[in-house]
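Below you'll find the structure, written out as structure tokens, and then a few comments.
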Protein chains: 2
Amino acid sequence: MQLGLSVSDSDVSSFTPLVVLELADDTKAEAITWLLNRIRDKQKNGGAELLVDQLLFPAQDGQKSNPNVFVVGSTLQRLLKGAEDVGLFKEFQDGIMRGFTYANRESFKDFYGDGEGFLSDAECQYIIKHELDTLRAKNEEHVPGYPKVKLYPGKSVVRRLQSKGVLVQYFPLHNKEDLKRLSFSWYKKIKLSFQPLDDIRHYFGEGLALYFGFLEYFTFALVPMALIGIPYYLFDWEDYDKYVLFAVFNLVWSTVFLEVWKRCSATFAYGWGTLSRKKAFEEPRAGFHGALGFNPITGREEPVYPSSKRQLRIYLVSVPFVLLCLYLSFYVMMVYFDMENWAISVYNENPNFGTGILLFVPSIIYAVVIEIMNLLYRYAAEFLTNWENHRLESSFQNHLVLKVLVFNFVNCFASLFYIAFVMQDMVLLRQSLATLLITSQILNQVMEAFLPYWLQRRRNKKVHKRMRRVMGDKELPLLEQVQLETEMNTYLGTFDDYLEQFLLFGYVSLFSCVYPLAAVLVVLNNITEVYSDAFKMCHVFKRPFSEPAANIGVWQLAFETMSIIAVVTNCALIGLSSQVKAYFPESETQMILIVVAIEHVLLAFKFILAFVIPDVPKDIQVKLAKLEFDSLEALKKRVKSQLILKLQYVGIL
Amino acid sequence: MQLGLSVSDSDVSSFTPLVVLELADDTKAEAITWLLNRIRDKQKNGGAELLVDQLLFPAQDGQKSNPNVFVVGSTLQRLLKGAEDVGLFKEFQDGIMRGFTYANRESFKDFYGDGEGFLSDAECQYIIKHELDTLRAKNEEHVPGYPKVKLYPGKSVVRRLQSKGVLVQYFPLHNKEDLKRLSFSWYKKIKLSFQPLDDIRHYFGEGLALYFGFLEYFTFALVPMALIGIPYYLFDWEDYDKYVLFAVFNLVWSTVFLEVWKRCSATFAYGWGTLSRKKAFEEPRAGFHGALGFNPITGREEPVYPSSKRQLRIYLVSVPFVLLCLYLSFYVMMVYFDMENWAISVYNENPNFGTGILLFVPSIIYAVVIEIMNLLYRYAAEFLTNWENHRLESSFQNHLVLKVLVFNFVNCFASLFYIAFVMQDMVLLRQSLATLLITSQILNQVMEAFLPYWLQRRRNKKVHKRMRRVMGDKELPLLEQVQLETEMNTYLGTFDDYLEQFLLFGYVSLFSCVYPLAAVLVVLNNITEVYSDAFKMCHVFKRPFSEPAANIGVWQLAFETMSIIAVVTNCALIGLSSQVKAYFPESETQMILIVVAIEHVLLAFKFILAFVIPDVPKDIQVKLAKLEFDSLEALKKRVKSQLILKLQYVGIL
């Protein structure tokens, strides 16, 4: 609530601007007036009761800037009431997280005076987003001035404007002072310390803080593995047989790692108030379309799309498309092996430094091609999932994640599996693993942070120069900030970041016993990843809206599946090792049976372990139970006191 | 609510008796007076506000019958309010199951007039049980007349009296008319029809109805398998190689069977109102003891037992004991194999009819010994789990189930696994399977229903004669009914019934491809099981209190685990078959690898199937979501209307 700027510097009434709304520059005046009125209107009239003002940019020479940019803010009281609407959980006097209510506001722990500073910036912006999103059409049949942009009672106005391109974007503003403080404690000082997760959550919200928490946890969890990997690298480099022990460690580690993370994540989420927070009823996605019908749950009028049609699209188009892509990926892999063979034959004919380098070229090309295919596929998957027309954002996300995961998994690991189990060539496996891992890490860091940063610096300079030219010496920091941030890239969520960690986890857990340095490389990558991700969040992208998250969701399942596949792969690798084979010189059959038996025992052990370790630490379980108990008791009391109140009321009448 | 009897026939005030309380016959008068007063006292004074009266049995020649037997009933209004307290869900006007509230009672579907017949008998008795159980001590430090039976504020009076032996038992009364109607439609007419599950639920409650639903579902699910098994038996008896197809069918069947059951069970539970019902806060078990402390959740004074002590008892005593028992079970198994060998050698020396029969004797003896060991172990497990001093009934049950399951599994199936995979003798496997299955079925039916029935008939006749002798021609049906039911056996819950089905499921899914008739035998057994279980519920046991249940709980997990083990076993059996071996004459290794690969694919398929099939049918999902949505909306409205009410109230003042 302490933004360094206020709208006052640009001729409009004074409030702290939190969110920017950008409408298309040819939006009709009547639509704008109508929208602003709806946003400003009292809640009892169905408005959002927020503060909103237009930002007027000075006319610029030749270049016309969009006049329809608005900033939205709110009074403190409205925000506190909104906090109750969205169901925020805050720490109560007794140390337990409880649902915030405006009536009991003064009993919450950090509530002083009128509540200034009680809500974090990210929370305020989230509340404003929620209020804007739930601004519903009343009796309007269409947006004024746009007879084709139909509305029906209860339709979210903002989503409809967004899906029709009238509302170009809306995003929260950065807070320069807070950002400076955060970036200093986060990545600007180089020292060994944990990330300031609470501050990150305060500024960016729970979803992102949880990602950074996971990144940190994963990196720390890899350290012991990296430490064990180094002596393997130094002393036993060519002795692949020693990796049995390493593989067993690997298995136990990957199970315990994921189980303990669940507990950590529950602890974080409890402290941030998202663990016991109830999910609000989900609105349809902005892009969802269908014939107007009735929602069987709410009874409200809204577009309905038959689920059978969606199933047909999924099974007749999406699934065959994914299979085709997988086939393509296999085909590319076979081309890679041909290239590999060709390079080896060239080297064998004429072994010198040049042809020695040539040996690595196919792997590098393959790694680059894989990244490009992943990228292209990603767009196709998004298009297809969009076309499947899912009603809810969550089900859209799940279908997208599933499509992308399957393809990325096959694309990245197919060649390694082929080398390990079909060609059974451990030297090549190690070499390919190293090349793939290093190339994809370098590509990732460049594509993800440095390239966008460089592009944006160029843009910023241009904007800065233009603004200076237009306004001379006048100080208009808010205008400039909005101008700059409007043109920044939009952060598309934690999807790509988790995906990257998922693939790294695969490299470490599936084959690292063959290439013990993998863990070391991943640790090094993740340390720079923290810095580059932190940097990109603070300086490359628009500030994202906070996403309340209680866990890492579908990614937990993805990591667990990967760790099961890892058990199978590692057992198979053990079975292939010549050391193990040497123990059973006479009967290969017996060896295989024993390896299979061990695999089954390990899998069973894994499931039992996952079952026995409680997902939520004991102390938080007690706090949750207390909350549940109190709410049951309160319900009983409320019914009674309500009755007494009513009786008194009737008596007085 | 339509009991055929009323207390009026025995000199006491007139109400419908629902529950019988039996106190020890030497209970002190002051304790009785105190207890009755607490039960009759108004709720606002902390009483249960129920109706209670003493049953006076006429003096009998010489034999003194217990004078401290009481019947408890209630007014209709009190029961309806109690229904709200326990959180019953009932069908609303709009066809959706909603939490019953006394204020909205007239909006519920089957509510006519004053609500007569709205609650089922089982529900009324459950409500009375709940009200008795939550009758809490106020400031009494001990039960009057018993300085040693300590109380503290908030302690459940009934549980304390029960744990100290002052309260001998309390149980719901049978309703003779309803029982006659139920037993007629349930098992007295022999025709092919479904069981009257709704009536069973109406009379015995959801837990038991769900058991019978599962029994029926399981039996029907076995029919296709039995049908496929018969031609196998008739045509391919000695050709064990044909069972590959059967095994594959087996696997798919066991997965689909369990997934579909979840959906059935959700449908049942929704219709019975238990699916969305919230669990009340669990009281400590009657037998739980410890130093007086504070419950961290409720903040109330109650006994506290350190969880570390319990863990020590579990890991240092219970686990070693279970392991010892498992060892013993293995030892007995080895003795059985010795006996088996001896019988075969006798037969080979002198093959005639007598020694031919001798061949079956070891198996039969072993089957009987297994049953006895299971029984003895059951008592030991109950004792140990009790001694572990679990605070909650649910965690007591889970630990007990786990102990009993592991032992029963090993005890029943170890010899079969040994024969199949160590001895690899398929003829012996079939023979043992058949003997074990048939013997244990016969033993079970006798021990479970007919023996108790026979014992009880003898007792009933005696009671009947005695009553006639004492009272001459006076008709005192209630007194006689209470006298008879007091002496009936107590039904200890569905544990043993589910356990039996679990073991049968094991026989069918683990090895039935070797003995295709297993499914036929289990179907036949379950058809008689329905009748004998129905009979024992109606005539052998005291009526049990209804147990609200939304699913079959830990048994679902147990059955799923069994079906996973079945995949492994069946794949291994396929690998052992000579037909499969014949396909790979050169390389046994390759054959094993292929079988292992198939096993992994099947297991993966199983998990994906379990993941893809939704646990709750679509239409019920919609209804549940609607309930959730309505309650969110109602909450918003209530907060507003409460505010308006308060404002008006303040305004008037």
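Naming scheme: A, B, ... for chains in displayed order of the structure tokens; residues 1 onward per chain; ligands 1 onward as shown.
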I'd like a table as JSON lines: residues in chain B with an atom no more than 8 Å from chain A, each row giving the shortest atom pair and its distance in Å to one decimal, only C-alpha atoms counted, sorted by chain and rising residue number.
```
{"residue": "B:Phe281", "atom": "CA", "partner": "A:Phe629", "partner_atom": "CA", "distance": 6.7}
{"residue": "B:Pro296", "atom": "CA", "partner": "A:Val622", "partner_atom": "CA", "distance": 7.0}
{"residue": "B:Ile297", "atom": "CA", "partner": "A:Lys626", "partner_atom": "CA", "distance": 4.4}
{"residue": "B:Thr298", "atom": "CA", "partner": "A:Lys626", "partner_atom": "CA", "distance": 6.4}
{"residue": "B:Glu588", "atom": "CA", "partner": "A:Thr589", "partner_atom": "CA", "distance": 6.9}
{"residue": "B:Thr589", "atom": "CA", "partner": "A:Thr589", "partner_atom": "CA", "distance": 5.3}
{"residue": "B:Ile592", "atom": "CA", "partner": "A:Thr589", "partner_atom": "CA", "distance": 7.6}
{"residue": "B:Leu593", "atom": "CA", "partner": "A:Ile592", "partner_atom": "CA", "distance": 7.9}
{"residue": "B:Val596", "atom": "CA", "partner": "A:Val596", "partner_atom": "CA", "distance": 7.7}
{"residue": "B:Val622", "atom": "CA", "partner": "A:Ile297", "partner_atom": "CA", "distance": 6.2}
{"residue": "B:Lys623", "atom": "CA", "partner": "A:Ile297", "partner_atom": "CA", "distance": 7.1}
{"residue": "B:Ala625", "atom": "CA", "partner": "A:Ile297", "partner_atom": "CA", "distance": 6.2}
{"residue": "B:Lys626", "atom": "CA", "partner": "A:Ile297", "partner_atom": "CA", "distance": 4.4}
{"residue": "B:Phe629", "atom": "CA", "partner": "A:Phe281", "partner_atom": "CA", "distance": 6.7}
{"residue": "B:Asp630", "atom": "CA", "partner": "A:Thr298", "partner_atom": "CA", "distance": 7.7}
{"residue": "B:Tyr649", "atom": "CA", "partner": "A:Tyr649", "partner_atom": "CA", "distance": 6.1}
{"residue": "B:Ile652", "atom": "CA", "partner": "A:Ile652", "partner_atom": "CA", "distance": 7.9}
```
Residue neighbourhood Thr490 in chain B, 8 Å, only C-alpha atoms, exclusion window fewer than 4 positions, as JSON, numbers by chain: {"B": [541, 542, 543, 544]}
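Close contacts of His390 in chain B, defined as residues with an atom at most 10 Å away when counting only C-alpha atoms, with chain neighbours fewer than 4 positions off set aside, comprise Pro284, Arg285, Gly287, Phe288, His289, Tyr305, Ser307, Arg310, Thr385, Asn386, Ser394, Ser395, Phe396, Gln397 and His399 of chain B.
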Report as a Markdown table: every residue of range 495-577 of chain B with an atom at most 9 Å from range 443-447 of chain B, its closest pair of atoms, and their distance in Å to one decimal, counting only C-alpha atoms, with rows sorted by chain and ascending residue number.
```
| residue | atom | partner | partner_atom | distance |
| --- | --- | --- | --- | --- |
| B:Glu500 | CA | B:Asn444 | CA | 8.4 |
| B:Asn525 | CA | B:Gln445 | CA | 8.9 |
| B:Thr528 | CA | B:Gln445 | CA | 8.6 |
| B:Glu529 | CA | B:Gln445 | CA | 7.4 |
| B:Ser532 | CA | B:Gln445 | CA | 7.4 |
| B:Asp533 | CA | B:Gln445 | CA | 9.0 |
```
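For the set B:Phe360, B:Tyr327, B:Phe505, B:Tyr146, the residue with the smallest atom-to-atom gap to Gly165 in chain B is B:Tyr146, counting only C-alpha atoms.
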DSSP-assigned helix (DSSP H, G or I) members of range 88-222 of chain B, reported as a ChimeraX atom specification: /B:105-107,121-133,157-163,176-188,197-204,206-222
Exercise: Ala343 in chain A partners within 9 Å, only C-alpha atoms, chain neighbours under 6 positions left out, as a ChimeraX atom specification: /A:355-356,358-362
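For the choices B:Leu557, B:Leu119, B:Leu161, B:Leu517, the atom-to-atom distance to Ile32 in chain B is smallest for B:Leu161 when using only C-alpha atoms.
Note that the spacing between CA of Leu51 in chain A and CA of Pro17 in chain A amounts to 8.7 Å.
Between Lys180 in chain B and the candidates B:His539, B:Tyr152, B:Ser65, B:Leu479, the tightest atom-to-atom separation, counting only C-alpha atoms, involves B:His539.
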Contacts of range 338-342 of chain A at 12 Å (only C-alpha atoms; same-chain gap of 5+ positions) as a ChimeraX atom specification: /A:331-333,347-349,355,358-366,415,419,428,431-432
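Counting only C-alpha atoms, Arg98 in chain A has the following residues at most 8 Å away, ignoring those fewer than 3 positions along the same chain: Phe89, Lys90, Glu91, Phe92, Gly273 and Leu627 of chain A.
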Go ahead and dump the residues you just picked, all heavy atoms, as a JSON list (two decimals), in the first residue's frame.
```json
[["chain", "number", "residue", "atom", "x", "y", "z"],
["A", 89, "PHE", "N", -6.83, -15.67, 4.01],
["A", 89, "PHE", "CA", -6.55, -16.15, 5.36],
["A", 89, "PHE", "C", -5.41, -15.34, 5.95],
["A", 89, "PHE", "O", -4.40, -15.12, 5.28],
["A", 89, "PHE", "CB", -6.17, -17.63, 5.34],
["A", 89, "PHE", "CG", -7.34, -18.53, 5.52],
["A", 89, "PHE", "CD1", -8.35, -18.55, 4.60],
["A", 89, "PHE", "CD2", -7.43, -19.36, 6.64],
["A", 89, "PHE", "CE1", -9.46, -19.37, 4.76],
["A", 89, "PHE", "CE2", -8.53, -20.19, 6.81],
["A", 89, "PHE", "CZ", -9.54, -20.20, 5.87],
["A", 90, "LYS", "N", -5.57, -14.88, 7.20],
["A", 90, "LYS", "CA", -4.54, -14.09, 7.85],
["A", 90, "LYS", "C", -4.31, -14.63, 9.25],
["A", 90, "LYS", "O", -5.18, -15.29, 9.82],
["A", 90, "LYS", "CB", -5.01, -12.62, 7.93],
["A", 90, "LYS", "CG", -4.98, -11.91, 6.58],
["A", 90, "LYS", "CD", -3.57, -11.50, 6.27],
["A", 90, "LYS", "CE", -3.45, -10.74, 4.97],
["A", 90, "LYS", "NZ", -2.05, -10.40, 4.71],
["A", 91, "GLU", "N", -3.16, -14.28, 9.81],
["A", 91, "GLU", "CA", -2.86, -14.79, 11.16],
["A", 91, "GLU", "C", -3.71, -14.06, 12.18],
["A", 91, "GLU", "O", -3.76, -12.83, 12.22],
["A", 91, "GLU", "CB", -1.37, -14.62, 11.47],
["A", 91, "GLU", "CG", -0.97, -15.43, 12.69],
["A", 91, "GLU", "CD", 0.53, -15.41, 12.91],
["A", 91, "GLU", "OE1", 1.25, -14.86, 12.08],
["A", 91, "GLU", "OE2", 0.95, -15.96, 13.95],
["A", 92, "PHE", "N", -4.36, -14.82, 13.03],
["A", 92, "PHE", "CA", -5.21, -14.28, 14.08],
["A", 92, "PHE", "C", -4.36, -14.02, 15.31],
["A", 92, "PHE", "O", -3.19, -14.42, 15.39],
["A", 92, "PHE", "CB", -6.30, -15.32, 14.38],
["A", 92, "PHE", "CG", -7.57, -14.75, 14.95],
["A", 92, "PHE", "CD1", -8.38, -13.93, 14.18],
["A", 92, "PHE", "CD2", -7.96, -15.05, 16.24],
["A", 92, "PHE", "CE1", -9.56, -13.43, 14.69],
["A", 92, "PHE", "CE2", -9.14, -14.55, 16.76],
["A", 92, "PHE", "CZ", -9.95, -13.73, 15.98],
["A", 273, "GLY", "N", -1.34, -18.68, 4.28],
["A", 273, "GLY", "CA", -2.81, -18.63, 4.33],
["A", 273, "GLY", "C", -3.50, -19.27, 3.14],
["A", 273, "GLY", "O", -4.69, -19.10, 2.97],
["A", 627, "LEU", "N", -8.80, -25.10, 13.66],
["A", 627, "LEU", "CA", -9.60, -24.19, 12.83],
["A", 627, "LEU", "C", -10.96, -24.82, 12.52],
["A", 627, "LEU", "O", -12.01, -24.20, 12.68],
["A", 627, "LEU", "CB", -8.85, -23.90, 11.54],
["A", 627, "LEU", "CG", -9.51, -22.91, 10.60],
["A", 627, "LEU", "CD1", -9.46, -21.53, 11.19],
["A", 627, "LEU", "CD2", -8.82, -22.94, 9.26]]
```
